[in-house]
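The structure file structure.pdb is reproduced below (PDB, C-alpha atoms).
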```pdb
MODEL        1
ATOM      1  CA  MET Y 199       0.000   0.000   0.000
ATOM      2  CA  GLU Y 200       1.272   3.470  -0.898
ATOM      3  CA  THR Y 201       0.126   6.914   0.190
ATOM      4  CA  TYR Y 202      -0.033   9.923  -2.114
ATOM      5  CA  TYR Y 203      -0.856  13.496  -1.211
ATOM      6  CA  THR Y 204      -1.517  16.982  -2.578
ATOM      7  CA  LEU Y 205      -1.023  20.471  -1.147
ATOM      8  CA  ASP Y 206      -3.294  22.495  -3.477
ATOM      9  CA  GLY Y 207      -6.714  21.073  -2.619
ATOM     10  CA  SER Y 208      -6.818  18.669  -5.558
ATOM     11  CA  VAL Y 209      -7.892  15.046  -5.146
ATOM     12  CA  PRO Y 210      -4.850  12.763  -4.637
ATOM     13  CA  THR Y 211      -4.203  10.158  -7.311
ATOM     14  CA  SER Y 212      -1.435   7.631  -7.867
ATOM     15  CA  ALA Y 213       0.254  10.357  -9.929
ATOM     16  CA  SER Y 214       0.359  12.778  -6.970
ATOM     17  CA  ILE Y 215       3.264  13.274  -4.559
ATOM     18  CA  PRO Y 216       4.235   9.973  -2.893
ATOM     19  CA  TYR Y 217       4.579  10.088   0.870
ATOM     20  CA  THR Y 218       8.086   8.886   1.651
ATOM     21  CA  ASN Y 219       9.366  11.440   4.161
ATOM     22  CA  PRO Y 220       7.894  13.811   6.759
ATOM     23  CA  ILE Y 221       6.198  16.863   5.206
ATOM     24  CA  HIS Y 222       7.723  20.178   6.288
ATOM     25  CA  MET Y 223       5.339  23.154   6.483
ATOM     26  CA  GLU Y 224       6.274  26.761   7.209
ATOM     27  CA  THR Y 225       3.072  28.494   6.057
ATOM     28  CA  THR Y 226      -0.634  27.662   6.152
ATOM     29  CA  THR Y 227      -1.151  24.498   4.127
ATOM     30  CA  VAL Y 228      -3.985  22.147   3.195
ATOM     31  CA  LEU Y 229      -3.019  18.494   2.995
ATOM     32  CA  ARG Y 230      -5.067  15.815   1.258
ATOM     33  CA  ALA Y 231      -3.912  12.190   1.361
ATOM     34  CA  ARG Y 232      -5.131   8.883  -0.016
ATOM     35  CA  CYS Y 233      -3.896   5.294   0.038
ATOM     36  CA  PHE Y 234      -3.628   3.071  -3.010
ATOM     37  CA  LYS Y 235      -3.056  -0.659  -3.378
ATOM     38  CA  ASP Y 236      -3.177  -2.875  -6.422
ATOM     39  CA  SER Y 237      -6.537  -4.631  -6.923
ATOM     40  CA  TYR Y 238      -8.167  -2.484  -4.224
ATOM     41  CA  LEU Y 239     -10.307   0.629  -4.412
ATOM     42  CA  PRO Y 240      -8.542   3.808  -3.279
ATOM     43  CA  SER Y 241      -9.079   4.767   0.358
ATOM     44  CA  LYS Y 242     -11.212   7.643   1.559
ATOM     45  CA  ILE Y 243      -9.524  11.016   1.115
ATOM     46  CA  ILE Y 244      -8.216  12.474   4.376
ATOM     47  CA  THR Y 245      -8.116  16.274   4.455
ATOM     48  CA  GLN Y 246      -6.506  18.517   7.062
ATOM     49  CA  SER Y 247      -5.813  22.240   7.221
ATOM     50  CA  TYR Y 248      -2.706  23.450   9.032
ATOM     51  CA  ILE Y 249      -3.055  27.128   9.930
ATOM     52  CA  ILE Y 250       0.426  28.433  10.664
ATOM     53  CA  ASN Y 251       1.559  31.835  11.962
ATOM     54  CA  SER Y 252      -1.978  33.252  11.849
ATOM     55  CA  ASP Y 253      -3.824  34.738  14.804
ATOM     56  CA  PHE Y 254      -7.531  35.336  14.148
ATOM     57  CA  VAL Y 255     -10.074  36.892  16.502
ATOM     58  CA  LEU Y 256     -12.910  35.363  14.456
ATOM     59  CA  PRO Y 257     -13.798  31.721  13.850
ATOM     60  CA  VAL Y 258     -12.030  30.236  10.833
ATOM     61  CA  VAL Y 259     -13.810  28.224   8.150
ATOM     62  CA  SER Y 260     -11.300  26.355   6.005
ATOM     63  CA  LEU Y 261     -12.669  25.186   2.654
ATOM     64  CA  VAL Y 262     -10.703  22.627   0.659
ATOM     65  CA  THR Y 263     -11.708  21.526  -2.833
ATOM     66  CA  ASP Y 264     -10.170  20.657  -6.156
ATOM     67  CA  PRO Y 265      -9.398  24.099  -7.654
ATOM     68  CA  GLY Y 266     -11.266  23.157 -10.820
ATOM     69  CA  ASN Y 267     -14.517  22.918  -8.842
ATOM     70  CA  PHE Y 268     -14.346  26.681  -8.390
ATOM     71  CA  PHE Y 269     -12.197  28.003 -11.220
ATOM     72  CA  ASP Y 270     -12.311  25.645 -14.197
ATOM     73  CA  ILE Y 271     -13.662  27.561 -17.205
ATOM     74  CA  ASP Y 272     -16.043  24.729 -18.116
ATOM     75  CA  SER Y 273     -17.197  23.489 -14.721
ATOM     76  CA  GLY Y 274     -16.015  25.939 -12.043
ATOM     77  CA  ILE Y 275     -18.871  27.494 -10.060
ATOM     78  CA  TYR Y 276     -17.028  30.730  -9.202
ATOM     79  CA  VAL Y 277     -16.176  31.981 -12.724
ATOM     80  CA  PHE Y 278     -17.799  33.409 -15.853
ATOM     81  CA  GLY Y 279     -17.146  30.320 -17.990
ATOM     82  CA  ASN Y 280     -17.391  29.845 -21.736
ATOM     83  CA  GLU Y 281     -21.088  30.654 -22.132
ATOM     84  CA  ALA Y 282     -21.122  34.018 -20.318
ATOM     85  CA  ASP Y 283     -22.340  37.169 -22.000
ATOM     86  CA  THR Y 284     -19.611  39.361 -20.531
ATOM     87  CA  THR Y 285     -20.682  42.383 -22.588
ATOM     88  CA  GLU Y 286     -23.826  43.098 -20.621
ATOM     89  CA  TYR Y 287     -24.721  43.079 -16.923
ATOM     90  CA  PRO Y 288     -25.708  40.715 -15.227
ATOM     91  CA  TYR Y 289     -23.624  38.406 -17.448
ATOM     92  CA  TRP Y 290     -26.256  35.732 -18.069
ATOM     93  CA  GLY Y 291     -24.811  32.380 -19.013
ATOM     94  CA  SER Y 292     -22.003  32.621 -16.480
ATOM     95  CA  ASN Y 293     -21.131  29.513 -14.534
ATOM     96  CA  PHE Y 294     -21.958  31.283 -11.274
ATOM     97  CA  TRP Y 295     -25.605  31.600 -12.359
ATOM     98  CA  GLU Y 296     -25.921  27.816 -12.638
ATOM     99  CA  ASP Y 297     -27.382  25.650  -9.864
ATOM    100  CA  TRP Y 298     -24.242  23.515  -9.700
ATOM    101  CA  GLU Y 299     -23.049  21.658  -6.617
ATOM    102  CA  ARG Y 300     -19.466  20.580  -6.097
ATOM    103  CA  PRO Y 301     -17.784  18.488  -3.361
ATOM    104  CA  ILE Y 302     -15.909  20.380  -0.684
ATOM    105  CA  HIS Y 303     -14.234  19.697   2.650
ATOM    106  CA  VAL Y 304     -15.139  22.051   5.507
ATOM    107  CA  GLU Y 305     -13.320  22.605   8.779
ATOM    108  CA  PHE Y 306     -14.564  25.014  11.442
ATOM    109  CA  TYR Y 307     -12.205  26.370  14.098
ATOM    110  CA  GLU Y 308     -13.177  28.510  17.067
ATOM    111  CA  PRO Y 309     -11.093  31.673  17.635
ATOM    112  CA  ASP Y 310      -9.014  29.829  20.256
ATOM    113  CA  GLY Y 311      -8.046  27.216  17.651
ATOM    114  CA  GLU Y 312     -10.370  24.470  18.896
ATOM    115  CA  LEU Y 313     -11.771  22.334  16.067
ATOM    116  CA  GLY Y 314     -15.554  22.503  15.955
ATOM    117  CA  PHE Y 315     -16.256  20.168  13.052
ATOM    118  CA  ASN Y 316     -14.549  18.598  10.069
ATOM    119  CA  VAL Y 317     -16.799  17.212   7.291
ATOM    120  CA  ASP Y 318     -17.049  16.446   3.604
ATOM    121  CA  ALA Y 319     -19.990  18.304   2.096
ATOM    122  CA  GLY Y 320     -21.418  19.939  -1.017
ATOM    123  CA  VAL Y 321     -21.158  23.591  -2.014
ATOM    124  CA  LYS Y 322     -23.174  25.883  -4.285
ATOM    125  CA  ILE Y 323     -23.007  29.563  -5.116
ATOM    126  CA  PHE Y 324     -25.726  31.226  -3.018
ATOM    127  CA  GLY Y 325     -27.781  34.372  -3.436
ATOM    128  CA  SER Y 326     -29.163  36.412  -6.294
ATOM    129  CA  TRP Y 327     -27.472  39.523  -7.644
ATOM    130  CA  SER Y 328     -24.750  39.369  -5.002
ATOM    131  CA  ARG Y 329     -23.171  36.468  -6.911
ATOM    132  CA  LEU Y 330     -21.919  39.108  -9.344
ATOM    133  CA  PHE Y 331     -19.467  40.397  -6.722
ATOM    134  CA  PRO Y 332     -15.869  39.092  -6.705
ATOM    135  CA  GLN Y 333     -16.473  37.539  -3.266
ATOM    136  CA  LYS Y 334     -19.506  35.290  -3.571
ATOM    137  CA  SER Y 335     -21.822  33.716  -1.017
ATOM    138  CA  LEU Y 336     -21.626  29.945  -0.601
ATOM    139  CA  ALA Y 337     -24.187  27.436   0.648
ATOM    140  CA  ILE Y 338     -22.751  24.362   2.382
ATOM    141  CA  PHE Y 339     -24.802  21.135   2.402
ATOM    142  CA  ALA Y 340     -24.367  17.992   4.496
ATOM    143  CA  ARG Y 341     -25.545  15.035   2.417
ATOM    144  CA  GLY Y 342     -25.353  11.286   2.831
ATOM    145  CA  ARG Y 343     -23.462  10.867  -0.419
ATOM    146  CA  TYR Y 344     -20.569  12.835   1.071
ATOM    147  CA  GLY Y 345     -20.645  10.776   4.259
ATOM    148  CA  TYR Y 346     -22.502  13.184   6.572
ATOM    149  CA  ASP Y 347     -26.275  13.692   6.775
ATOM    150  CA  GLU Y 348     -25.854  16.633   9.130
ATOM    151  CA  ILE Y 349     -23.308  18.779  10.886
ATOM    152  CA  ASN Y 350     -23.451  18.079  14.618
ATOM    153  CA  TYR Y 351     -22.045  21.205  16.204
ATOM    154  CA  GLN Y 352     -23.460  24.323  17.874
ATOM    155  CA  ILE Y 353     -22.210  26.768  15.278
ATOM    156  CA  PHE Y 354     -24.078  29.712  16.810
ATOM    157  CA  PRO Y 355     -23.554  30.086  20.592
ATOM    158  CA  ASP Y 356     -26.673  32.277  20.931
ATOM    159  CA  ILE Y 357     -29.111  29.560  19.853
ATOM    160  CA  SER Y 358     -29.468  26.067  21.281
ATOM    161  CA  ILE Y 359     -29.547  24.266  17.922
ATOM    162  CA  ASN Y 360     -26.609  21.891  17.519
ATOM    163  CA  SER Y 361     -27.472  20.048  14.313
ATOM    164  CA  PHE Y 362     -27.526  21.595  10.841
ATOM    165  CA  GLN Y 363     -28.258  20.163   7.402
ATOM    166  CA  ALA Y 364     -26.906  23.309   5.736
ATOM    167  CA  PHE Y 365     -25.525  26.751   6.428
ATOM    168  CA  VAL Y 366     -24.490  29.783   4.400
ATOM    169  CA  LEU Y 367     -21.223  31.681   4.153
ATOM    170  CA  ARG Y 368     -22.744  34.991   3.082
ATOM    171  CA  ASN Y 369     -20.902  37.885   1.460
ATOM    172  CA  SER Y 370     -23.424  40.263   3.111
ATOM    173  CA  GLY Y 371     -25.480  40.604  -0.057
ATOM    174  CA  GLN Y 372     -25.906  44.131  -1.386
ATOM    175  CA  ASP Y 373     -23.953  45.385   1.625
ATOM    176  CA  TRP Y 374     -20.829  43.784   0.148
ATOM    177  CA  GLY Y 375     -17.976  46.287   0.039
ATOM    178  CA  HIS Y 376     -19.620  48.475   2.693
ATOM    179  CA  THR Y 377     -20.231  47.474   6.317
ATOM    180  CA  PHE Y 378     -20.490  43.685   5.739
ATOM    181  CA  PHE Y 379     -22.934  43.384   8.657
ATOM    182  CA  ARG Y 380     -25.957  45.628   8.005
ATOM    183  CA  ASP Y 381     -28.394  42.803   7.265
ATOM    184  CA  ALA Y 382     -27.330  40.854  10.353
ATOM    185  CA  MET Y 383     -27.594  43.973  12.510
ATOM    186  CA  MET Y 384     -31.139  44.695  11.315
ATOM    187  CA  GLN Y 385     -32.176  41.105  11.977
ATOM    188  CA  SER Y 386     -30.686  41.252  15.474
ATOM    189  CA  LEU Y 387     -32.797  44.328  16.233
ATOM    190  CA  THR Y 388     -35.828  42.516  14.843
ATOM    191  CA  ALA Y 389     -35.217  39.536  17.108
ATOM    192  CA  GLU Y 390     -35.213  41.769  20.176
ATOM    193  CA  ALA Y 391     -38.458  43.547  19.285
ATOM    194  CA  THR Y 392     -40.652  40.843  17.707
ATOM    195  CA  ASN Y 393     -41.209  37.121  17.367
ATOM    196  CA  VAL Y 394     -40.400  37.124  13.658
ATOM    197  CA  ASP Y 395     -37.945  34.385  12.730
ATOM    198  CA  VAL Y 396     -34.417  35.552  11.985
ATOM    199  CA  GLN Y 397     -31.302  33.730  10.834
ATOM    200  CA  ALA Y 398     -28.494  33.425  13.356
ATOM    201  CA  TYR Y 399     -25.322  35.308  12.502
ATOM    202  CA  ARG Y 400     -21.643  34.849  13.148
ATOM    203  CA  PRO Y 401     -18.813  36.515  11.211
ATOM    204  CA  ALA Y 402     -15.899  34.273  10.270
ATOM    205  CA  MET Y 403     -12.646  34.332   8.363
ATOM    206  CA  VAL Y 404     -12.914  32.016   5.368
ATOM    207  CA  MET Y 405      -9.923  30.284   3.819
ATOM    208  CA  LEU Y 406      -9.995  28.539   0.440
ATOM    209  CA  ASN Y 407      -7.323  25.931  -0.182
ATOM    210  CA  GLY Y 408      -5.127  27.614   2.411
ATOM    211  CA  GLU Y 409      -5.566  31.176   1.093
ATOM    212  CA  ILE Y 410      -7.418  33.845   3.051
ATOM    213  CA  TRP Y 411     -10.713  34.442   1.225
ATOM    214  CA  GLY Y 412     -11.990  37.241   3.441
ATOM    215  CA  ILE Y 413     -14.702  37.699   6.032
ATOM    216  CA  HIS Y 414     -18.033  35.988   5.373
ATOM    217  CA  ASN Y 415     -21.085  35.925   7.605
ATOM    218  CA  ILE Y 416     -22.083  32.442   8.732
ATOM    219  CA  ARG Y 417     -25.881  32.350   8.556
ATOM    220  CA  GLU Y 418     -28.491  29.678   9.054
ATOM    221  CA  LYS Y 419     -29.839  28.546   5.690
ATOM    222  CA  PHE Y 420     -33.548  29.238   5.436
ATOM    223  CA  ASN Y 421     -35.170  25.983   4.325
ATOM    224  CA  GLU Y 422     -37.527  23.332   5.681
ATOM    225  CA  HIS Y 423     -34.847  22.186   8.144
ATOM    226  CA  TYR Y 424     -34.547  25.718   9.548
ATOM    227  CA  ILE Y 425     -38.300  25.852  10.188
ATOM    228  CA  ALA Y 426     -38.309  22.354  11.675
ATOM    229  CA  SER Y 427     -35.449  23.064  14.086
ATOM    230  CA  HIS Y 428     -36.871  26.404  15.249
ATOM    231  CA  HIS Y 429     -40.458  25.227  15.620
ATOM    232  CA  ASP Y 430     -40.054  21.570  16.621
ATOM    233  CA  THR Y 431     -41.878  20.094  13.662
ATOM    234  CA  ASP Y 432     -41.308  17.485  10.969
ATOM    235  CA  PRO Y 433     -39.576  19.006   7.925
ATOM    236  CA  GLU Y 434     -41.546  16.662   5.678
ATOM    237  CA  ASN Y 435     -44.793  18.360   6.773
ATOM    238  CA  ILE Y 436     -43.656  21.824   5.681
ATOM    239  CA  ASP Y 437     -44.677  23.661   2.529
ATOM    240  CA  LEU Y 438     -42.042  26.259   1.672
ATOM    241  CA  ILE Y 439     -42.974  28.597  -1.179
ATOM    242  CA  GLU Y 440     -41.213  31.575  -2.732
ATOM    243  CA  ARG Y 441     -42.815  34.390  -4.737
ATOM    244  CA  ASP Y 442     -46.313  32.873  -4.539
ATOM    245  CA  THR Y 443     -45.764  29.946  -6.899
ATOM    246  CA  ILE Y 444     -42.162  28.672  -6.621
ATOM    247  CA  ILE Y 445     -42.188  25.441  -4.611
ATOM    248  CA  VAL Y 446     -39.028  25.000  -2.526
ATOM    249  CA  HIS Y 447     -40.428  22.115  -0.503
ATOM    250  CA  GLY Y 448     -43.825  20.437  -0.269
ATOM    251  CA  ASP Y 449     -46.634  21.673  -2.530
ATOM    252  CA  LEU Y 450     -48.996  24.600  -3.200
ATOM    253  CA  VAL Y 451     -52.250  22.950  -2.152
ATOM    254  CA  HIS Y 452     -52.771  24.574   1.262
ATOM    255  CA  TYR Y 453     -51.272  27.924   0.296
ATOM    256  CA  GLN Y 454     -53.376  28.176  -2.858
ATOM    257  CA  GLY Y 455     -56.463  27.245  -0.852
ATOM    258  CA  LEU Y 456     -55.701  30.073   1.563
ATOM    259  CA  MET Y 457     -55.211  32.606  -1.235
ATOM    260  CA  ASP Y 458     -58.404  31.486  -2.960
ATOM    261  CA  TYR Y 459     -60.357  31.901   0.267
ATOM    262  CA  ILE Y 460     -58.994  35.432   0.755
ATOM    263  CA  ASP Y 461     -59.904  36.343  -2.835
ATOM    264  CA  GLU Y 462     -63.422  34.930  -2.603
ATOM    265  CA  ASN Y 463     -64.478  36.056   0.889
ATOM    266  CA  ASP Y 464     -64.906  39.428   2.588
ATOM    267  CA  LEU Y 465     -62.558  39.511   5.570
ATOM    268  CA  VAL Y 466     -64.562  42.316   7.140
ATOM    269  CA  GLU Y 467     -66.980  39.575   8.129
ATOM    270  CA  SER Y 468     -65.858  38.360  11.549
ATOM    271  CA  GLU Y 469     -66.516  34.715  10.720
ATOM    272  CA  ASN Y 470     -64.258  34.887   7.670
ATOM    273  CA  TYR Y 471     -61.543  36.721   9.544
ATOM    274  CA  GLU Y 472     -61.636  34.215  12.396
ATOM    275  CA  TYR Y 473     -61.157  31.424   9.870
ATOM    276  CA  ILE Y 474     -58.086  33.174   8.466
ATOM    277  CA  GLN Y 475     -56.745  33.550  12.017
ATOM    278  CA  SER Y 476     -56.946  29.760  12.351
ATOM    279  CA  LEU Y 477     -54.581  29.446   9.375
ATOM    280  CA  ILE Y 478     -52.204  32.378   9.859
ATOM    281  CA  ASP Y 479     -50.374  33.811  12.860
ATOM    282  CA  VAL Y 480     -51.775  37.249  12.068
ATOM    283  CA  GLU Y 481     -49.774  39.180  14.675
ATOM    284  CA  ASN Y 482     -46.566  37.615  13.466
ATOM    285  CA  PHE Y 483     -47.485  38.391   9.853
ATOM    286  CA  LEU Y 484     -48.199  42.041  10.701
ATOM    287  CA  ASP Y 485     -44.847  42.346  12.476
ATOM    288  CA  TYR Y 486     -43.161  40.964   9.386
ATOM    289  CA  ILE Y 487     -44.930  43.409   7.052
ATOM    290  CA  CYS Y 488     -44.043  46.353   9.304
ATOM    291  CA  LEU Y 489     -40.394  45.327   9.355
ATOM    292  CA  LEU Y 490     -40.351  44.723   5.622
ATOM    293  CA  TYR Y 491     -41.428  48.253   4.821
ATOM    294  CA  THR Y 492     -39.408  50.052   7.501
ATOM    295  CA  SER Y 493     -36.027  48.360   6.939
ATOM    296  CA  PRO Y 494     -33.461  50.397   5.001
ATOM    297  CA  SER Y 495     -32.849  49.301   1.419
TER
ENDMDL
END
```

Structure rendered as structure tokens:
Amino acid sequence: METYYTLDGSVPTSASIPYTNPIHMETTTVLRARCFKDSYLPSKIITQSYIINSDFVLPVVSLVTDPGNFFDIDSGIYVFGNEADTTEYPYWGSNFWEDWERPIHVEFYEPDGELGFNVDAGVKIFGSWSRLFPQKSLAIFARGRYGYDEINYQIFPDISINSFQAFVLRNSGQDWGHTFFRDAMMQSLTAEATNVDVQAYRPAMVMLNGEIWGIHNIREKFNEHYIASHHDTDPENIDLIERDTIIVHGDLVHYQGLMDYIDENDLVESENYEYIQSLIDVENFLDYICLLYTSPS
């Protein structure tokens, strides 16, 4: 049996560097190693980040992936690619507009250097127009095919949830290049004043294949698992809908029934309004509408 390794994030093959002597590191390095033996399948890839001569006051998220997964012109999720219309904003056809998922290894370190978790996962570009910025948001997914159905760690000290199916490394959206925390600040104020759901927030230093990739905001990913964990319910019983008709999870049956009832009945009638109250948390909905139209753009 022989061991081969790489230092650039790429997947080790039998053509990679053979391990024959101790590996000397003087700067931050990502090491990936794999064993090979004739007539046997290759071993699982072992990945480890070694953060050297760096002193961070924020948590560190180290991302390790084959560079082509991000930067290959044909398949890299972070680049324009061959089909991009680079002559006109917003550069439709770019790779970063595609719903592509790539394998990635994720390590999370607390500011004191303690390892929080270390998993293989999937990654996608996240967000809408903010994916046009040089520093893009990333969604991280735990999936069985990568070896982990969930991430078992209390990422956010302020909430008691210690199991996550996904989380986001957010570039702060349209606040990118400005404060980098405006959205999180507004949500924190919302949490103090109302019962509207907000996504937990924690700034972190992100590293990609050993290079500093800048501050990103770790956020809970809003999906059926978020709702289930915050409201103690079965994620399979949740209908999650965007923009009235886009089904994220579940179906439109109950939502469409609600909208039809509102269209066809006069809510001034107390009986009709009471029925709506049995379907909607009206006070919570009103809080949300107030916040939506008073938050700064």

Grab all the atoms of range 429-448 of chain Y that the file lists, wrap them in a box along x, y and z, add 4 Å per side, and give me centre plus edge lengths in Å (one decimal) as lines of an AutoDock Vina configuration file.
```
center_x = -42.7
center_y = 25.5
center_z = 4.9
size_x = 15.3
size_y = 25.7
size_z = 31.5
```

Hey, what comes out of the PyMOL selection byres ((chain Y and resi 407) around 7) on this file? Could you write it as an mmCIF file with C-alpha atoms, keeping the file's coordinate frame?
```cif
data_model
loop_
_atom_site.group_PDB
_atom_site.id
_atom_site.type_symbol
_atom_site.label_atom_id
_atom_site.label_comp_id
_atom_site.auth_asym_id
_atom_site.auth_seq_id
_atom_site.Cartn_x
_atom_site.Cartn_y
_atom_site.Cartn_z
ATOM 1 C CA ASP Y 206 -3.294 22.495 -3.477
ATOM 2 C CA GLY Y 207 -6.714 21.073 -2.619
ATOM 3 C CA VAL Y 228 -3.985 22.147 3.195
ATOM 4 C CA LEU Y 261 -12.669 25.186 2.654
ATOM 5 C CA VAL Y 262 -10.703 22.627 0.659
ATOM 6 C CA THR Y 263 -11.708 21.526 -2.833
ATOM 7 C CA MET Y 405 -9.923 30.284 3.819
ATOM 8 C CA LEU Y 406 -9.995 28.539 0.440
ATOM 9 C CA GLY Y 408 -5.127 27.614 2.411
ATOM 10 C CA GLU Y 409 -5.566 31.176 1.093
#
```

Enter the distance from CA of Thr226 in chain Y to CA of Arg341 in chain Y, in Å, rounded to one decimal.
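A separation of 28.2 Å between them.
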
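With all atoms listed in the file as the atoms that count, the residue of Y:Trp327, Y:Gly314, Y:Asn251, Y:Val304 with the shortest distance to Tyr346 in chain Y is Y:Val304.
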
Would you please work out which residue, of Y:Ile357, Y:Ile244, Y:Leu438, Y:Ile249, is nearest to Asn421 in chain Y when using all atoms listed in the file?
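Under the stated criterion, the closest residue is Y:Leu438.
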
Radius query 8 Å about (-22.4, 25.7, -11.3), atoms used: all atoms listed in the file, as an mmCIF file with C-alpha atoms, in the coordinates of the input:
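Below is the file point09.cif, written as the result:
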```cif
data_model
loop_
_atom_site.group_PDB
_atom_site.id
_atom_site.type_symbol
_atom_site.label_atom_id
_atom_site.label_comp_id
_atom_site.auth_asym_id
_atom_site.auth_seq_id
_atom_site.Cartn_x
_atom_site.Cartn_y
_atom_site.Cartn_z
ATOM 1 C CA SER Y 273 -17.197 23.489 -14.721
ATOM 2 C CA GLY Y 274 -16.015 25.939 -12.043
ATOM 3 C CA ILE Y 275 -18.871 27.494 -10.060
ATOM 4 C CA TYR Y 276 -17.028 30.730 -9.202
ATOM 5 C CA ASN Y 293 -21.131 29.513 -14.534
ATOM 6 C CA PHE Y 294 -21.958 31.283 -11.274
ATOM 7 C CA TRP Y 295 -25.605 31.600 -12.359
ATOM 8 C CA GLU Y 296 -25.921 27.816 -12.638
ATOM 9 C CA ASP Y 297 -27.382 25.650 -9.864
ATOM 10 C CA TRP Y 298 -24.242 23.515 -9.700
ATOM 11 C CA GLU Y 299 -23.049 21.658 -6.617
ATOM 12 C CA ARG Y 300 -19.466 20.580 -6.097
ATOM 13 C CA LYS Y 322 -23.174 25.883 -4.285
ATOM 14 C CA ILE Y 323 -23.007 29.563 -5.116
#
```

If the PyMOL selection byres ((chain Y and resi 480-489) around 10) is run on the structure shown, which residues does it catch, given as a VMD selection string?
chain Y and resid 384 to 385 388 391 to 395 474 to 479 490 to 494

Restrict the calculation to all atoms listed in the file, then for each residue of range 314-362 of chain Y with any atom at most 12 Å from an atom of range 278-284 of chain Y give the closest atom pair and their distance in Å to one decimal, rows by chain and rising residue number, as JSON lines.
```
{"residue": "Y:Arg329", "atom": "CA", "partner": "Y:Phe278", "partner_atom": "CA", "distance": 10.9}
{"residue": "Y:Leu330", "atom": "CA", "partner": "Y:Phe278", "partner_atom": "CA", "distance": 9.6}
{"residue": "Y:Phe331", "atom": "CA", "partner": "Y:Phe278", "partner_atom": "CA", "distance": 11.6}
{"residue": "Y:Pro332", "atom": "CA", "partner": "Y:Phe278", "partner_atom": "CA", "distance": 10.9}
```

Just the residues within 10 Å of Ala382 in chain Y, please, counting all atoms listed in the file, with nothing from its chain fewer than 5 positions along; format it as a list of chain:residue names.
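Counting only the stated atoms, we get Y:Ser370, Y:Leu387, Y:Thr388, Y:Val396, Y:Gln397, Y:Ala398, Y:Tyr399, Y:Arg400, Y:Pro401, Y:Asn415, Y:Arg417.
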
Using only C-alpha atoms, which residue out of Y:Ile413, Y:Val404, Y:Ala364, Y:Leu465 lies closest to Phe378 in chain Y?
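Residue with the minimum atom-to-atom distance to Phe378 in chain Y: Y:Ile413.
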
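CA of Glu418 in chain Y sits 17.4 Å away from CA of Tyr307 in chain Y.
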
Residues picked by the PyMOL selection byres ((chain Y and resi 199) around 6) here, as a ChimeraX atom specification?
/Y:200,234-235

Calculate how many Å separate CA of Thr285 in chain Y from CA of Phe268 in chain Y, rounding to one decimal.
22.1 Å

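Checking Y:Phe269, Y:Pro257, Y:Tyr203, Y:Val466 one by one against Glu312 in chain Y, counting all atoms listed in the file, you find the shortest gap at Y:Pro257.
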
Which residue, Y:Met383, Y:Ile425, Y:Val255, Y:Leu229, has the smallest gap to Glu308 in chain Y when you use only C-alpha atoms?
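Smallest distance to Glu308 in chain Y is found for Y:Val255.
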
Determine, counting all atoms listed in the file, which protein, DNA and RNA residues have an atom within 6 Å of an atom of Leu367 in chain Y; residues of the same chain fewer than 5 positions away are not included. Present the result as a VMD selection string.
chain Y and resid 335 to 336 414 to 416

Which one of Y:Val259, Y:Lys419, Y:Ile436, Y:Glu224 sits closest to Gly448 in chain Y if you count all atoms listed in the file?
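That would be Y:Ile436, the residue with the smallest distance to Gly448 in chain Y.
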
Nearby residues (all atoms listed in the file) at most 12 Å from Arg232 in chain Y, same-chain spacing under 6 positions excluded, as a ChimeraX atom specification
/Y:199-204,208-217,239-245
